[in-house]
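Colleague: The structure follows.
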Amino acid sequence: MQLISRCRSFGVAALVFAASFTHARAQSTEVSAGTRGGLYVDSDHTTIITSATEATARFDQRWQVGARYLADVVSSASIDVVTQGSVTFDDLRHDFGGSAGYRDDDGTSILGSYSRSTENDWQSNNVALSGGVDLLERNLSLSLSLAFQDNTITRSDTFGFERKLQSYLGNAAASYTLSPRDLLYVALAVSYNDGFQASPYRYITVQQLGYAENLPDQRTRVALVGRYHRDLGKNTSLRTHLRLYTDTYGIASLTGGAELAYERDAFDVMAMARGYAQTSASFYRGSYGSQQRYMTLDKELSTFWDVFVGGAVGWTFSEVSPLSRVRLEARVMANYFHFIDFVRLRERYGLTVTLGISGDL
């Protein structure tokens, strides 16, 4: 009941924030705002309730400022929590941020943002800067983004435990209109993590002795992403994507998926499917017979594959006084995970339901 009541309070706050922001705009300013709520449940005894609100104001169709707030209420009795010596785990995460940017009539843009996230044993400060330009009569779009994250990890109810993790991220992307019906997008994402990357609660038993999980302090990740969108005609389009990934932990992964969308007038519907498979980290073992330099029982570093399937529907209404546009969305996504060498949990399945409303004044 406490979990539900917290979520309701955040949902009401989100609606009030969106409404007040919208009505506070100046006459020459375009304002859009929205709120959404989501529920995630899975077979590993985890429930997450999410409430999020965001608003953006545009001045003279070039300058813009934005703000957002998100709250996650987590309750879990998963195998990870039980393994770490606790029966259940409850946490509340706050994430808020702001952004400001500029975009001219030729498609040149720049956007800066800051966000802060806090939870029971994790605090994070994030800054990002991105820019883009349109070329070849706007058939080619190039973009570049850089970000920095400063994280502080603590251990609940443990005085004096504090670790740092810093992350540096970069993304370069290009999209090209191959024809009036075809769009191609490619991106290269690179990140470098330096600091504490283990769980402060996870211990590994080796010959009846307990050792804290230990991971390499440095980790470099590289991902190559490709997307291809095709207009099939009759208000229908197909969107596909493929992602290749590797890192210095020894993990390699492949992601592929597709979305089939139908859009007509105020109504749109979409069906989607995505598959993912990865190898384990080079130091991962289902169990350890002796103490090693690096040891983990994190299932996210094991060999596994997963499948997501779902759909979404949306309705857009024009001239709903005092708004010029109102959009309603509903999304349902089911997932299945199969862990190859994580002996504590072989499979997990879950469901995510999301409802959202947004509008323009």
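Just remember, in the structure tokens the first chain shown is A, the second B, etc., residues are 1-based per chain, and ligands are 1-based in the order shown.
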Skipping near chain neighbours, those fewer than 3 positions away, what residues fall within 8 Å of Thr354 of chain A using only C-alpha atoms, listed as a list in words?

Modeller: Arg36, Gly37, Gly38, Leu39, Ala330, Arg331 and Val332 of chain A

Colleague: Can you pull out every residue within 12 Å of Asp341 of chain A, counting only C-alpha atoms, but drop anything in the same chain fewer than 5 positions away, and send it as a short mmCIF file (atom, residue, chain, number, x, y, z; two decimals) with C-alpha atoms, in the first residue's frame?

Modeller:
data_model
loop_
_atom_site.label_atom_id
_atom_site.label_comp_id
_atom_site.auth_asym_id
_atom_site.auth_seq_id
_atom_site.Cartn_x
_atom_site.Cartn_y
_atom_site.Cartn_z
CA GLN A 278 25.66 -11.62 -25.11
CA THR A 279 28.72 -13.57 -24.02
CA SER A 280 29.91 -13.40 -20.42
CA ALA A 281 32.70 -11.28 -18.98
CA TYR A 284 32.74 -14.47 -14.82
CA ARG A 285 32.18 -17.94 -13.33
CA GLY A 286 29.02 -19.67 -12.21
CA SER A 287 31.00 -20.52 -9.06
CA LEU A 297 28.00 -13.26 -9.49
CA ASP A 298 26.26 -10.50 -11.42
CA LYS A 299 23.84 -12.11 -13.89
CA GLU A 300 24.20 -9.06 -16.15
CA LEU A 301 27.82 -10.15 -16.71
CA SER A 302 26.89 -13.78 -17.49
CA THR A 303 25.99 -15.36 -20.82
CA PHE A 304 22.31 -14.78 -21.58
CA TRP A 305 19.77 -13.85 -24.21
CA ARG A 346 17.78 -19.77 -15.27
CA GLU A 347 14.96 -17.63 -16.63
#

Colleague: At a cut-off of 7 Å, using only C-alpha atoms, what residues contact Gly275 of chain A? Leave out same-chain residues fewer than 2 positions from it and give the result as a list of chain:residue names.

Modeller: A:Thr255, A:Gly256, A:Gly257, A:Ala273, A:Asp306, A:Val307, A:Phe308

Colleague: I'd like the neighbourhood of segment 45-55 of chain A as a PyMOL selection string, where a residue qualifies if any of its atoms comes within 7 Å (using only C-alpha atoms), though same-chain residues fewer than 4 positions away should be ignored.

Modeller: chain A and resi 7+10-11+14+18+32-41+66-78

Colleague: Measure the distance from atom CA of Met295 of chain A to atom CA of Ala189 of chain A in Å and round it to one decimal.

Modeller: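 These two atoms are separated by 27.3 Å.
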
Colleague: Which one is closest to Phe96 of chain A: A:Ser143, A:Thr108, A:Ser318, A:Ser124? Count only C-alpha atoms.

Modeller: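 Checking each of A:Ser143, A:Thr108, A:Ser318, A:Ser124 against Phe96 of chain A, counting only C-alpha atoms, the winner is A:Ser124.
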
Colleague: Could you give me, as a Markdown table, a per-residue list for segment 234-346 of chain A showing, wherever an atom lies at most 10 Å from an atom of segment 166-182 of chain A, the closest pair of atoms and their distance in Å to one decimal, using only C-alpha atoms and sorting by chain then residue number from low to high?

Modeller:
| residue | atom | partner | partner_atom | distance |
| --- | --- | --- | --- | --- |
| A:Ser237 | CA | A:Arg181 | CA | 9.0 |
| A:Leu238 | CA | A:Asp182 | CA | 9.9 |
| A:Arg239 | CA | A:Asp182 | CA | 10.0 |

Colleague: Using only C-alpha atoms, which protein or nucleic acid residues come within 12 Å of Glu319 of chain A? Drop anything in the same chain fewer than 4 positions from it, and give the result as a list in words.

Modeller: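 These residues fall inside the cut-off: Leu323, Ser324, Arg325, Val326, Arg327, Gly359, Asp360 and Leu361 of chain A.
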
Colleague: Running DSSP on the backbone, which parts of segment 153-207 of chain A land in strand (DSSP E or B), as an NGL selection string?

Modeller: :A and (153-154 or 162-179 or 182-195 or 203-206)

Colleague: Here is a test: counting only C-alpha atoms, which residue of A:Tyr276, A:Asn335, A:Leu242, A:Gln292 is nearest to Glu213 of chain A?

Modeller: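 Looking only at the distances to Glu213 of chain A, the closest residue turns out to be A:Gln292.
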
Colleague: Write out as a ChimeraX atom specification the residues lying within 8 Å of segment 149-159 of chain A, counting only C-alpha atoms and excluding same-chain residues fewer than 3 positions away.

Modeller: /A:120-127,162-168,196,200-201

Colleague: Would you export the selected residues with C-alpha atoms as a compact mmCIF listing (two decimals), in the first residue's frame, please?

Modeller:
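Contents of the output file again-v2.txt:
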# COMPACT_ATOMS: atom_id res chain seq x y z
CA ASN A 120 19.32 5.09 -1.23
CA ASP A 121 22.93 4.22 -2.03
CA TRP A 122 23.69 6.07 -5.29
CA GLN A 123 24.03 9.73 -6.25
CA SER A 124 24.78 10.83 -9.79
CA ASN A 125 25.45 14.18 -11.47
CA ASN A 126 25.33 14.26 -15.27
CA VAL A 127 26.19 16.95 -17.81
CA GLU A 162 31.91 5.67 -0.14
CA ARG A 163 33.22 4.92 -3.62
CA LYS A 164 33.44 6.99 -6.81
CA LEU A 165 32.69 6.17 -10.44
CA GLN A 166 33.21 8.56 -13.32
CA SER A 167 31.98 7.96 -16.85
CA TYR A 168 32.88 9.72 -20.09
CA PHE A 196 33.98 1.38 -8.45
CA PRO A 200 28.56 -2.94 -2.48
CA TYR A 201 26.28 -5.73 -1.23

Colleague: From the options A:Thr246, A:Ser253, A:Thr316, A:Thr56, which residue's atoms come nearest to Ala277 of chain A, counting only C-alpha atoms?

Modeller: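 Residue with the minimum atom-to-atom distance to Ala277 of chain A: A:Ser253.
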
Colleague: Gly314 of chain A: which residues within 10 Å, counting only C-alpha atoms, same-chain residues fewer than 3 positions away excluded, as a ChimeraX atom specification?

Modeller: /A:263,266-270,327-331,355-357

Colleague: Taking only C-alpha atoms into account, name the residue in A:Tyr102, A:Trp63, A:Tyr336, A:Tyr185 that is nearest to Asn139 of chain A.

Modeller: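 For Asn139 of chain A, the nearest of the candidates is A:Tyr185.
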